[in-house]
Each structure stands twice: as structure tokens, then as C-alpha cells.
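J.: upload_33.cif is reproduced below (mmCIF, C-alpha atoms).
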```cif
data_entry
loop_
_atom_site.label_atom_id
_atom_site.label_comp_id
_atom_site.auth_asym_id
_atom_site.auth_seq_id
_atom_site.Cartn_x
_atom_site.Cartn_y
_atom_site.Cartn_z
CA MET A 1412 47.00 31.35 203.32
CA GLN A 1413 45.51 28.24 201.67
CA ASP A 1414 47.51 29.03 198.54
CA HIS A 1415 50.70 29.15 200.57
CA LEU A 1416 49.94 25.81 202.19
CA TYR A 1417 49.15 24.27 198.81
CA ASN A 1418 52.40 25.59 197.31
CA PHE A 1419 54.34 24.41 200.32
CA LEU A 1420 52.95 20.89 199.88
CA LEU A 1421 53.84 20.93 196.19
CA TYR A 1422 57.33 22.10 197.09
CA LEU A 1423 57.84 19.21 199.53
CA GLY A 1424 56.34 16.70 197.12
CA ASP A 1425 58.29 17.95 194.11
CA ASN A 1426 61.63 17.71 195.93
CA ALA A 1427 60.91 14.09 196.84
CA LEU A 1428 59.49 13.12 193.46
CA ILE A 1429 62.23 14.61 191.31
CA LEU A 1430 65.08 13.27 193.45
CA GLY A 1431 63.32 9.90 193.59
CA HIS A 1432 63.03 9.89 189.82
CA ARG A 1433 66.70 10.80 189.42
CA LEU A 1434 67.73 7.95 191.71
CA SER A 1435 65.47 5.54 189.85
CA GLU A 1436 67.60 6.18 186.76
CA TRP A 1437 70.31 4.18 188.53
CA CYS A 1438 68.15 1.05 188.44
CA GLY A 1439 70.24 -1.63 186.74
CA HIS A 1440 73.26 0.70 186.51
CA GLY A 1441 74.53 0.76 190.10
CA PRO A 1442 78.27 0.21 190.61
CA VAL A 1443 77.55 -3.08 192.39
CA LEU A 1444 74.33 -4.99 192.92
CA GLU A 1445 74.11 -4.02 196.59
CA GLN A 1446 74.35 -0.30 195.85
CA ASP A 1447 71.98 -0.60 192.93
CA MET A 1448 69.40 -1.83 195.42
CA ALA A 1449 70.28 0.79 198.01
CA LEU A 1450 69.81 3.56 195.43
CA THR A 1451 66.52 2.21 194.17
CA ASN A 1452 65.25 1.57 197.72
CA ILE A 1453 65.83 5.23 198.48
CA ALA A 1454 64.20 6.17 195.17
CA LEU A 1455 61.10 4.21 196.19
CA ASP A 1456 61.07 5.83 199.64
CA LEU A 1457 61.14 9.27 198.07
CA VAL A 1458 58.50 8.56 195.44
CA GLY A 1459 56.35 7.11 198.23
CA GLN A 1460 56.80 10.28 200.26
CA SER A 1461 55.81 12.43 197.29
CA ARG A 1462 52.65 10.35 196.86
CA ASN A 1463 51.62 11.01 200.46
CA ILE A 1464 52.17 14.74 200.10
CA PHE A 1465 50.42 14.95 196.73
CA GLN A 1466 47.41 13.17 198.19
CA LEU A 1467 47.16 15.94 200.80
CA ALA A 1468 47.61 18.61 198.14
CA ALA A 1469 45.05 17.01 195.83
CA LYS A 1470 42.51 16.89 198.64
CA MET A 1471 43.05 20.60 199.24
CA GLN A 1472 42.74 21.53 195.62
CA GLY A 1473 39.66 19.47 194.85
CA GLU A 1474 38.59 19.97 191.22
CA GLY A 1475 39.34 16.36 190.38
CA ALA A 1476 43.01 16.65 191.26
CA THR A 1477 44.76 13.43 192.26
CA GLU A 1478 48.32 12.52 193.14
CA ASP A 1479 48.70 11.45 189.51
CA THR A 1480 47.46 14.67 187.92
CA LEU A 1481 49.86 16.60 190.15
CA ALA A 1482 52.81 14.43 189.12
CA TYR A 1483 52.00 13.87 185.46
CA LEU A 1484 50.05 16.89 184.27
CA ARG A 1485 52.02 19.85 185.55
CA ASP A 1486 54.58 21.59 183.38
CA ALA A 1487 58.10 22.44 184.49
CA THR A 1488 57.20 26.01 185.47
CA ALA A 1489 54.62 24.66 187.94
CA TYR A 1490 57.23 22.46 189.65
CA LYS A 1491 58.70 23.98 192.80
CA ASN A 1492 61.57 21.64 193.63
CA ILE A 1493 65.00 23.05 194.41
CA LEU A 1494 67.48 22.93 191.54
CA LEU A 1495 69.80 20.60 193.47
CA VAL A 1496 67.51 17.59 193.13
CA GLU A 1497 67.10 17.87 189.37
CA GLN A 1498 70.84 17.96 188.68
CA LYS A 1499 72.09 15.03 186.64
CA ASN A 1500 73.29 11.88 188.36
CA GLY A 1501 76.80 12.21 186.93
CA ASP A 1502 79.05 9.56 188.43
CA PHE A 1503 78.43 7.73 191.70
CA ALA A 1504 80.28 10.44 193.67
CA LYS A 1505 78.01 13.17 192.32
CA THR A 1506 74.87 11.19 193.07
CA ILE A 1507 76.12 10.54 196.60
CA LEU A 1508 77.04 14.13 197.31
CA ARG A 1509 73.73 15.43 195.92
CA GLN A 1510 71.96 12.93 198.15
CA PHE A 1511 73.99 13.90 201.19
CA PHE A 1512 73.37 17.63 200.74
CA TYR A 1513 69.67 16.92 200.39
CA ASP A 1514 69.45 14.43 203.29
CA ALA A 1515 71.36 16.74 205.64
CA PHE A 1516 68.78 19.42 204.76
CA ASN A 1517 65.73 17.18 204.74
CA TYR A 1518 66.46 15.73 208.16
CA PRO A 1519 66.18 19.00 210.14
CA CYS A 1520 63.23 20.04 207.91
CA TYR A 1521 61.24 16.94 208.79
CA GLN A 1522 62.20 17.20 212.45
CA ARG A 1523 60.39 20.52 212.38
CA LEU A 1524 57.49 19.23 210.33
CA MET A 1525 56.92 16.57 212.99
CA GLN A 1526 56.05 19.53 215.27
CA SER A 1527 53.81 21.09 212.62
CA SER A 1528 50.53 22.72 213.65
CA ASN A 1529 49.00 20.89 210.66
CA LYS A 1530 48.19 17.41 211.98
CA ASP A 1531 48.27 15.72 208.56
CA ILE A 1532 51.74 17.07 207.86
CA ALA A 1533 52.98 16.16 211.35
CA ALA A 1534 51.77 12.58 210.94
CA PHE A 1535 53.27 12.26 207.50
CA ALA A 1536 56.59 13.72 208.70
CA GLU A 1537 56.78 11.28 211.56
CA LYS A 1538 56.22 8.37 209.20
CA SER A 1539 58.86 9.62 206.77
CA MET A 1540 61.44 10.40 209.44
CA LYS A 1541 62.56 6.78 209.79
CA GLU A 1542 63.32 6.62 206.08
CA ILE A 1543 65.06 9.97 206.06
CA THR A 1544 67.20 9.00 209.05
CA TYR A 1545 68.45 5.98 207.12
CA HIS A 1546 69.03 8.00 203.94
CA LEU A 1547 71.22 10.45 205.84
CA LYS A 1548 73.19 7.66 207.48
CA TRP A 1549 73.72 5.96 204.14
CA SER A 1550 74.80 9.02 202.18
CA SER A 1551 77.02 10.29 205.05
CA GLU A 1552 78.85 6.97 205.17
CA TRP A 1553 79.48 7.15 201.46
CA VAL A 1554 80.75 10.73 201.52
CA ILE A 1555 83.28 9.66 204.16
CA ARG A 1556 84.29 6.60 202.16
CA LEU A 1557 84.75 8.50 198.93
CA GLY A 1558 86.61 11.41 200.55
CA ASP A 1559 88.76 9.12 202.64
CA GLY A 1560 89.07 6.42 199.97
CA THR A 1561 91.38 6.29 197.00
CA GLU A 1562 92.99 9.07 195.01
CA GLU A 1563 90.37 8.58 192.33
CA SER A 1564 87.39 8.65 194.69
CA LEU A 1565 88.72 11.83 196.29
CA ARG A 1566 89.18 13.46 192.89
CA ARG A 1567 85.66 12.50 191.87
CA ILE A 1568 83.95 13.74 195.00
CA ASN A 1569 85.87 17.00 194.81
CA GLU A 1570 84.66 17.45 191.24
CA ALA A 1571 81.13 16.75 192.43
CA LEU A 1572 81.58 19.30 195.19
CA GLU A 1573 82.62 21.93 192.70
CA ASP A 1574 79.54 21.17 190.56
CA LEU A 1575 76.98 20.98 193.33
CA TRP A 1576 78.08 23.54 195.89
CA PRO A 1577 76.43 26.49 194.06
CA TYR A 1578 73.09 24.67 194.36
CA THR A 1579 73.14 24.43 198.15
CA GLY A 1580 72.22 28.05 198.91
CA GLU A 1581 68.73 27.77 197.45
CA MET A 1582 67.60 25.42 200.23
CA PHE A 1583 67.83 28.25 202.75
CA LYS A 1584 66.54 31.07 200.60
CA TYR A 1585 62.98 30.83 201.79
CA ALA A 1586 60.13 31.47 199.39
CA ASP A 1587 57.01 33.41 200.41
CA PHE A 1588 55.09 30.17 200.97
CA GLU A 1589 57.77 28.85 203.33
CA ILE A 1590 57.84 32.10 205.29
CA ALA A 1591 54.04 32.01 205.60
CA MET A 1592 54.22 28.40 206.83
CA THR A 1593 56.85 29.29 209.43
CA GLU A 1594 54.74 32.18 210.69
CA SER A 1595 51.65 29.99 210.99
CA GLY A 1596 53.48 27.16 212.77
CA VAL A 1597 53.07 24.64 209.93
CA PHE A 1598 56.85 24.72 209.37
CA PRO A 1599 58.16 25.96 212.73
CA ASP A 1600 61.59 27.46 213.29
CA ALA A 1601 62.78 27.18 209.68
CA ALA A 1602 65.50 29.74 210.38
CA GLY A 1603 67.51 27.23 212.40
CA ILE A 1604 67.82 24.70 209.59
CA GLU A 1605 70.76 26.29 207.82
CA ALA A 1606 73.01 26.20 210.89
CA GLU A 1607 72.13 22.55 211.53
CA TRP A 1608 72.83 21.67 207.90
CA GLU A 1609 76.19 23.41 208.01
CA GLN A 1610 77.12 21.65 211.22
CA GLU A 1611 76.26 18.25 209.74
CA VAL A 1612 78.15 18.95 206.52
CA LYS A 1613 81.19 20.19 208.43
CA ASN A 1614 81.15 17.14 210.66
CA ILE A 1615 80.97 14.64 207.79
CA PHE A 1616 83.43 16.58 205.64
CA ALA A 1617 85.93 16.58 208.52
CA GLN A 1618 85.71 12.78 208.69
CA ALA A 1619 85.97 12.54 204.92
CA GLY A 1620 88.95 14.89 204.73
CA LEU A 1621 87.02 17.27 202.48
CA GLU A 1622 87.16 21.03 202.66
CA LEU A 1623 84.05 23.14 202.91
CA PRO A 1624 84.07 25.64 200.03
CA GLU A 1625 83.73 29.36 200.61
CA LYS A 1626 80.29 30.87 200.45
CA ALA A 1627 79.90 31.85 196.85
CA TRP A 1628 77.25 32.95 194.39
CA MET A 1629 74.35 30.52 194.50
CA HIS A 1630 71.75 29.45 191.95
CA ASP A 1631 68.10 29.78 192.79
CA GLY A 1632 64.68 29.91 191.15
CA GLY A 1633 63.39 26.37 191.50
CA LYS A 1634 60.89 27.25 194.21
CA HIS A 1635 59.41 29.83 191.82
CA GLY A 1636 59.28 27.50 188.82
CA ARG A 1637 62.48 28.70 187.16
CA HIS A 1638 64.37 25.49 186.51
CA SER A 1639 67.56 24.33 184.87
CA GLU A 1640 67.19 22.65 181.48
CA HIS A 1641 67.36 19.23 183.15
CA LEU A 1642 63.85 19.27 184.59
CA GLY A 1643 62.24 19.39 181.15
CA TYR A 1644 63.99 16.17 180.17
CA ILE A 1645 62.98 14.49 183.41
CA LEU A 1646 59.33 15.43 182.92
CA ALA A 1647 59.39 14.47 179.25
CA GLU A 1648 60.29 10.94 180.25
CA MET A 1649 58.19 10.77 183.41
CA GLN A 1650 55.05 12.27 181.88
CA PHE A 1651 55.25 10.78 178.40
CA LEU A 1652 52.58 8.14 178.87
CA GLN A 1653 49.95 10.45 180.37
CA ARG A 1654 50.65 13.12 177.77
CA ALA A 1655 50.51 10.72 174.83
CA TYR A 1656 47.60 8.65 176.12
CA PRO A 1657 45.62 10.90 178.48
CA GLY A 1658 43.89 9.04 181.28
CA GLN A 1659 45.60 5.76 180.43
CA LYS A 1660 45.56 3.31 183.34
CA TRP A 1661 47.24 0.01 184.08
CA MET B 890 84.96 -3.22 192.80
CA ASN B 891 85.58 -6.93 192.35
CA GLU B 892 88.06 -6.94 195.21
CA TRP B 893 85.43 -6.17 197.82
CA PRO B 894 85.34 -8.99 200.37
CA LEU B 895 82.40 -11.34 200.60
CA TRP B 896 80.15 -11.39 203.68
CA GLU B 897 77.68 -13.98 204.91
CA ILE B 898 74.38 -12.58 206.12
CA PHE B 899 72.23 -13.96 208.92
CA ILE B 900 68.76 -12.60 209.67
CA ARG B 901 66.54 -13.12 212.68
CA SER B 902 62.99 -12.97 211.40
CA LYS B 903 61.35 -12.45 214.77
CA ASN B 904 61.98 -12.60 218.47
CA GLY B 905 62.41 -16.11 219.78
CA LEU B 906 63.84 -17.47 216.54
CA SER B 907 67.53 -17.79 215.84
CA HIS B 908 69.44 -16.00 213.12
CA LYS B 909 69.32 -17.88 209.87
CA HIS B 910 71.71 -17.75 206.94
CA VAL B 911 70.03 -15.90 204.05
CA GLY B 912 72.85 -15.36 201.56
CA SER B 913 76.00 -13.39 200.93
CA LEU B 914 77.02 -10.05 199.49
CA HIS B 915 80.04 -7.83 198.84
CA ALA B 916 81.09 -4.89 201.00
CA THR B 917 84.29 -3.11 201.96
CA ASP B 918 83.77 -3.41 205.72
CA GLU B 919 81.29 -4.51 208.37
CA GLU B 920 79.41 -1.22 208.46
CA MET B 921 78.76 -1.33 204.71
CA ALA B 922 77.96 -5.03 204.91
CA MET B 923 75.30 -4.23 207.49
CA GLN B 924 73.75 -1.48 205.33
CA ASN B 925 73.89 -3.64 202.23
CA ALA B 926 72.26 -6.52 204.09
CA ARG B 927 69.49 -4.19 205.20
CA ASP B 928 68.94 -3.06 201.61
CA VAL B 929 69.23 -6.45 199.96
CA TYR B 930 67.66 -8.83 202.46
CA THR B 931 65.12 -6.92 204.58
CA ARG B 932 63.13 -4.99 201.96
CA ARG B 933 60.02 -7.06 202.56
CA SER B 934 60.07 -7.01 206.36
CA GLU B 935 62.06 -10.22 206.60
CA GLY B 936 63.91 -9.34 209.75
CA ILE B 937 64.41 -7.57 213.04
CA SER B 938 68.11 -8.29 213.51
CA ILE B 939 71.10 -8.78 211.22
CA TRP B 940 74.44 -10.49 211.73
CA VAL B 941 77.22 -10.13 209.19
CA VAL B 942 80.34 -12.30 209.13
CA GLU B 943 83.12 -12.01 206.62
CA SER B 944 83.04 -15.23 204.65
CA LYS B 945 86.72 -15.98 205.18
CA HIS B 946 86.08 -16.34 208.91
CA ILE B 947 83.71 -19.26 208.38
CA SER B 948 85.26 -22.71 208.50
CA ALA B 949 83.22 -25.25 206.63
CA SER B 950 83.32 -29.03 206.74
CA ASP B 951 84.79 -30.73 203.71
CA PRO B 952 82.11 -32.44 201.59
CA ASP B 953 84.63 -35.19 200.76
CA GLU B 954 84.77 -36.06 204.45
CA GLY B 955 81.00 -36.36 204.62
CA GLU B 956 81.02 -40.11 205.00
CA SER B 957 83.39 -40.20 207.93
CA LEU B 958 81.79 -37.21 209.61
CA PHE B 959 78.12 -37.99 209.32
CA ASP B 960 77.45 -41.58 208.33
CA PRO B 961 78.53 -43.11 211.66
CA ALA B 962 75.48 -41.48 213.30
CA ASN B 963 73.08 -43.25 210.96
CA ASP B 964 72.93 -46.57 212.82
CA LYS B 965 72.79 -45.10 216.31
CA VAL B 966 69.07 -44.63 216.66
CA TYR B 967 69.37 -44.83 220.44
CA ARG B 968 70.71 -41.28 220.37
CA HIS B 969 67.26 -40.05 219.44
CA PRO B 970 64.91 -39.54 222.37
CA THR B 971 62.29 -41.79 220.82
CA PHE B 972 62.31 -44.61 223.38
CA TYR B 973 60.45 -42.87 226.16
CA ASN B 974 56.81 -43.49 226.95
CA LEU B 975 55.17 -40.12 227.26
CA PRO B 976 52.08 -39.53 229.35
CA ASP B 977 49.01 -38.55 227.31
CA GLU B 978 48.77 -35.16 229.05
CA LEU B 979 52.06 -34.08 227.51
CA LYS B 980 51.48 -32.16 224.32
CA HIS B 981 53.69 -30.86 221.55
CA MET B 982 56.52 -33.32 221.91
#
```
Could you spell out this file's structure in C-alpha cells?

T.:
Amino acid sequence: MQDHLYNFLLYLGDNALILGHRLSEWCGHGPVLEQDMALTNIALDLVGQSRNIFQLAAKMQGEGATEDTLAYLRDATAYKNILLVEQKNGDFAKTILRQFFYDAFNYPCYQRLMQSSNKDIAAFAEKSMKEITYHLKWSSEWVIRLGDGTEESLRRINEALEDLWPYTGEMFKYADFEIAMTESGVFPDAAGIEAEWEQEVKNIFAQAGLELPEKAWMHDGGKHGRHSEHLGYILAEMQFLQRAYPGQKW
Amino acid sequence: MNEWPLWEIFIRSKNGLSHKHVGSLHATDEEMAMQNARDVYTRRSEGISIWVVESKHISASDPDEGESLFDPANDKVYRHPTFYNLPDELKHM
């Protein structure tokens, strides 16, 4: 049971950390200054959320673990994030759509975590919910703008949709640690998340003039440490300093 | 991207104070202007309320007319409420 809780915490933290890191790559490259800041604000929110979760996980693990050892000293196969969040930024449309798919999933997840039987998780979820609510609002607005924008923006978001759609199924393919958390009330009513996600996506897509693709074959494996080639590159950059100079502080 | 209109941003820092001009930014419409203002100007808890106004809707006085607009007030000190004798009990005036 403790193992499941620990893995569940890593899963939540890894999703936030890897997506936060991806968004941070936009720093200085945003299409306009205002969106550069919006992207990096969200990156900071997500990295901050991962820190909170890793602190809980580190406390559970003991053995000298800290939020930093969990972020910087685990290899790709120990990471449990969904494959969606490690996908490359691509163009602005792809970053937006990836964010929207994640936010529309994260929102109902954290609504449930606020009701968690684990008080630490419930408190953390409540704190994060304000950020997540804004993230969803921001990415939804942009999906509508891009879909209902120019010919070029529509073409780009449709390309992004084609790329990212096969990564959406993994969110709802629950791993053993998620099932255990649902049964124990730590992550209550997980089964209802998929329908809420679909409803949200349908609603925003309708406003954006986008069509929901058919259910198709979906990638998975991230929750079990089987990642796309992208994660290795992310970790190589993120972990370089601690790998090259172990224990280095600043 | 360069064709996005410019917006002027006003932030109220706390209740009881008025909105104050903090700067300007680009956005396609008022909703985006509001979100951008939140992201650009309230990251360090600067505000509790935001106003956005498209810059083209602001009429400004012409600096060249400064003399005729403002100088005439300079020699009319009697317009300032400085000629009243205040009782000692009155504070903060």
C-alpha cells in the first residue's frame, strides 16, 4: 500500500515537473512577450507543484531522499509521467493543445484529490487548484482562438491534434498504483474523470470549430517507466549539473 | 503578431485605492488583454483588480498645449485650501 502511495506521488510530481520543464524551454522564445511570460508563469506553477509533491514523497521514502534527489537522480525508467507531457513543444499550437489536453485532465483529477482521504494530498490539491483553474482557462482560450482564427492557425492546430491525439488515452488507462489509490480513497472516483475530460474537450472544440477525432489506437507506458525517446533528452539537460558535479549546491 | 492592438493596463493594488496606470501590452481582444495583464503585471502580488482599455480609446492632452492648459493655474494660489485656520484637534490634514 505504501509503495502504491509513493508511486502515485511520483506520478503526480513527474507529470508536473516534466511539463513544467517543457514549458520552461519557451523562456525567451515565446511568440510575443506577453505569451512568453504566460508560458513561463505556468512552467513555474508546475515546477512548484512538483516540488510540493516530491517533498511528500521524500518524507515517505526517508533514506536521505529530498525533492532534489527525486528530480535529479532518477533515470528515465523510474519516471512515471504520461507520455503526453514529454512530447516536444513543436510550434505554439502544439504546445497549447498539449497544455489544454493536460489541463482538462488535471482539473478533474485535482478536484478529486481535494477530497482525498490523505490530508497532505488534499491540502496540496486545494492550494494547486487555483493555479490549475487559471491554466485551463488560459489554454482553453487559446485553443478557441487558434481553431477559430486564421487559415494558418487552424492548419497548425489540426496538425497538432493529429500528433497529440494518440497520447490522450494513456491518462485514463489507470496503473495499479492509481487503482489502489482510488480503492483507498486517496484518489476518489477516478473512473469519472474520462467523461468529464471528454465533455470539456468537446465543449472547447465546438467553440473552436475543431472536430474530435475518432477513438484510435493509443500510446501508453509512461506510468510504468516506458518512455518515448524525448524524456532522455529532457533529463540529460535537467540533470546534467547534478550528474556531472554530484551534490553541487548554489 | 505586430498588428495586435495596444492596451493600457490599470491595476488596483488594494481595496480603498484607485486603479493606477502600470503600463501597456499587446493583445487581440479584451479577454486576452486581461489575461496578459494578469501574467505580466500581477506576478508579484501587485494587484486585486485589473482594468484594460484599448489605447486608441484614450484621448491625451497635447504636450504643445501645456502652457495654455496648465500654466494659468500657477498664480492662483487661492484655489488651494491653505488659507483656513484649523483647530489643533484636527489631525491628518

J.: CA of Met1649 in chain A and CA of Ala1468 in chain A are how many Å apart?

T.: 19.8 Å

J.: Just to confirm, what's the straight-line distance from CA of Ile1493 in chain A to CA of Ala1655 in chain A in Å (one decimal)?

T.: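 Spanning CA of Ile1493 in chain A to CA of Ala1655 in chain A is a straight-line distance of 27.3 Å.
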
J.: Range 1607-1613 of chain A: which residues within 6 Å, counting all atoms listed in the file, same-chain residues fewer than 3 positions away excluded, as a PDB file with C-alpha atoms, in the frame of the given file?

T.:
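Final output, part_10.pdb:
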```pdb
ATOM      1  CA  ALA A1515      71.360  16.740 205.640  1.00  0.00           C
ATOM      2  CA  PHE A1516      68.780  19.420 204.760  1.00  0.00           C
ATOM      3  CA  ILE A1604      67.820  24.700 209.590  1.00  0.00           C
ATOM      4  CA  PHE A1616      83.430  16.580 205.640  1.00  0.00           C
ATOM      5  CA  ALA A1617      85.930  16.580 208.520  1.00  0.00           C
TER       6      ALA A1617
END
```

J.: Enumerate as an mmCIF file with C-alpha atoms, in the frame of the given file the residues belonging to chain A that approach chain B to within 10 Å, with all atoms listed in the file taken into account.

T.:
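result21.cif, written as the output of this step:
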```
data_model
loop_
_atom_site.group_PDB
_atom_site.id
_atom_site.type_symbol
_atom_site.label_atom_id
_atom_site.label_comp_id
_atom_site.auth_asym_id
_atom_site.auth_seq_id
_atom_site.Cartn_x
_atom_site.Cartn_y
_atom_site.Cartn_z
ATOM 1 C CA PRO A 1442 78.270 0.210 190.610
ATOM 2 C CA VAL A 1443 77.550 -3.080 192.390
ATOM 3 C CA LEU A 1444 74.330 -4.990 192.920
ATOM 4 C CA GLU A 1445 74.110 -4.020 196.590
ATOM 5 C CA GLN A 1446 74.350 -0.300 195.850
ATOM 6 C CA ASP A 1447 71.980 -0.600 192.930
ATOM 7 C CA MET A 1448 69.400 -1.830 195.420
ATOM 8 C CA ALA A 1449 70.280 0.790 198.010
ATOM 9 C CA LEU A 1450 69.810 3.560 195.430
ATOM 10 C CA THR A 1451 66.520 2.210 194.170
ATOM 11 C CA ASN A 1452 65.250 1.570 197.720
ATOM 12 C CA ILE A 1453 65.830 5.230 198.480
ATOM 13 C CA TYR A 1545 68.450 5.980 207.120
ATOM 14 C CA LYS A 1548 73.190 7.660 207.480
ATOM 15 C CA TRP A 1549 73.720 5.960 204.140
ATOM 16 C CA GLU A 1552 78.850 6.970 205.170
ATOM 17 C CA TRP A 1553 79.480 7.150 201.460
ATOM 18 C CA ARG A 1556 84.290 6.600 202.160
#
```

J.: List the spatial neighbours of Glu1436 in chain A as a ChimeraX atom specification - criterion: any atom at most 10 Å away, all atoms listed in the file, same-chain residues fewer than 2 positions off excluded.

T.: /A:1431-1434,1438-1441,1450-1451,1454,1499-1500

J.: What does the distance from CA of Trp1628 in chain A to CA of Tyr1644 in chain A come to in Å, to one decimal?

T.: 25.7 Å

J.: Write out as a PDB file with C-alpha atoms, keeping the file's coordinate frame which residues come within 10 Å of Gly1603 in chain A when counting all atoms listed in the file, dropping same-chain ones fewer than 6 positions away.

T.:
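Final file, selection-v4.pdb:
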```pdb
ATOM      1  CA  PRO A1519      66.180  19.000 210.140  1.00  0.00           C
ATOM      2  CA  CYS A1520      63.230  20.040 207.910  1.00  0.00           C
ATOM      3  CA  ARG A1523      60.390  20.520 212.380  1.00  0.00           C
ATOM      4  CA  PHE A1583      67.830  28.250 202.750  1.00  0.00           C
TER       5      PHE A1583
END
```

J.: Here is a test: counting all atoms listed in the file, which residue of A:Asn1426, A:Ser1564, A:Thr1593, A:Thr1477 is nearest to Asn1517 in chain A?

T.: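 Among the listed residues, the smallest separation from Asn1517 in chain A belongs to A:Asn1426.
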
J.: Please provide the set of residues having any atom within 10 Å of Ser902 in chain B, restricted to only C-alpha atoms, with same-chain residues fewer than 3 positions apart removed, written as a list in words.

T.: Phe899, Gly905, Leu906, Ser907, His908, Lys909, Thr931, Ser934, Glu935, Gly936, Ile937, Ser938 and Ile939 of chain B

J.: So which residues get picked by the PyMOL selection byres ((chain A and resi 1567-1569) around 12) here, written as a VMD selection string?

T.: chain A and resid 1501 to 1509 1511 1553 to 1566 1570 to 1576 1616 1619 to 1624

J.: For the residues in the current selection, export C-alpha atoms as a short mmCIF file (atom, residue, chain, number, x, y, z; two decimals), keeping the file's coordinate frame.

T.:
```cif
data_model
loop_
_atom_site.label_atom_id
_atom_site.label_comp_id
_atom_site.auth_asym_id
_atom_site.auth_seq_id
_atom_site.Cartn_x
_atom_site.Cartn_y
_atom_site.Cartn_z
CA GLY A 1501 76.80 12.21 186.93
CA ASP A 1502 79.05 9.56 188.43
CA PHE A 1503 78.43 7.73 191.70
CA ALA A 1504 80.28 10.44 193.67
CA LYS A 1505 78.01 13.17 192.32
CA THR A 1506 74.87 11.19 193.07
CA ILE A 1507 76.12 10.54 196.60
CA LEU A 1508 77.04 14.13 197.31
CA ARG A 1509 73.73 15.43 195.92
CA PHE A 1511 73.99 13.90 201.19
CA TRP A 1553 79.48 7.15 201.46
CA VAL A 1554 80.75 10.73 201.52
CA ILE A 1555 83.28 9.66 204.16
CA ARG A 1556 84.29 6.60 202.16
CA LEU A 1557 84.75 8.50 198.93
CA GLY A 1558 86.61 11.41 200.55
CA ASP A 1559 88.76 9.12 202.64
CA GLY A 1560 89.07 6.42 199.97
CA THR A 1561 91.38 6.29 197.00
CA GLU A 1562 92.99 9.07 195.01
CA GLU A 1563 90.37 8.58 192.33
CA SER A 1564 87.39 8.65 194.69
CA LEU A 1565 88.72 11.83 196.29
CA ARG A 1566 89.18 13.46 192.89
CA GLU A 1570 84.66 17.45 191.24
CA ALA A 1571 81.13 16.75 192.43
CA LEU A 1572 81.58 19.30 195.19
CA GLU A 1573 82.62 21.93 192.70
CA ASP A 1574 79.54 21.17 190.56
CA LEU A 1575 76.98 20.98 193.33
CA TRP A 1576 78.08 23.54 195.89
CA PHE A 1616 83.43 16.58 205.64
CA ALA A 1619 85.97 12.54 204.92
CA GLY A 1620 88.95 14.89 204.73
CA LEU A 1621 87.02 17.27 202.48
CA GLU A 1622 87.16 21.03 202.66
CA LEU A 1623 84.05 23.14 202.91
CA PRO A 1624 84.07 25.64 200.03
#
```

J.: Can you translate the PyMOL selection byres ((chain A and resi 1418) around 12) into the concrete residues it hits in this file, as an NGL selection string?

T.: :A and (1412-1417 or 1419-1425 or 1464-1465 or 1467-1469 or 1471-1472 or 1481 or 1489-1492 or 1586-1592 or 1634-1636)

J.: From the options A:Tyr1656, A:Tyr1483, A:Phe1598, A:Tyr1578, which residue's atoms come nearest to Ser1639 in chain A, counting only C-alpha atoms?

T.: A:Tyr1578

J.: How big is the axis-aligned box around the listed atoms of range 964-967 of chain B once 6 Å is added on each side, and where is its centre? Give both in Å to one decimal, as lines of an AutoDock Vina configuration file.

T.:
```
center_x = 71.0
center_y = -45.6
center_z = 216.6
size_x = 15.9
size_y = 13.9
size_z = 19.6
```

J.: Considering only C-alpha atoms, can you say which of B:Gly912, B:Glu943, B:Thr971, B:Arg933 comes closest to Leu895 in chain B?

T.: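 So, comparing all the options, the nearest one is B:Glu943.
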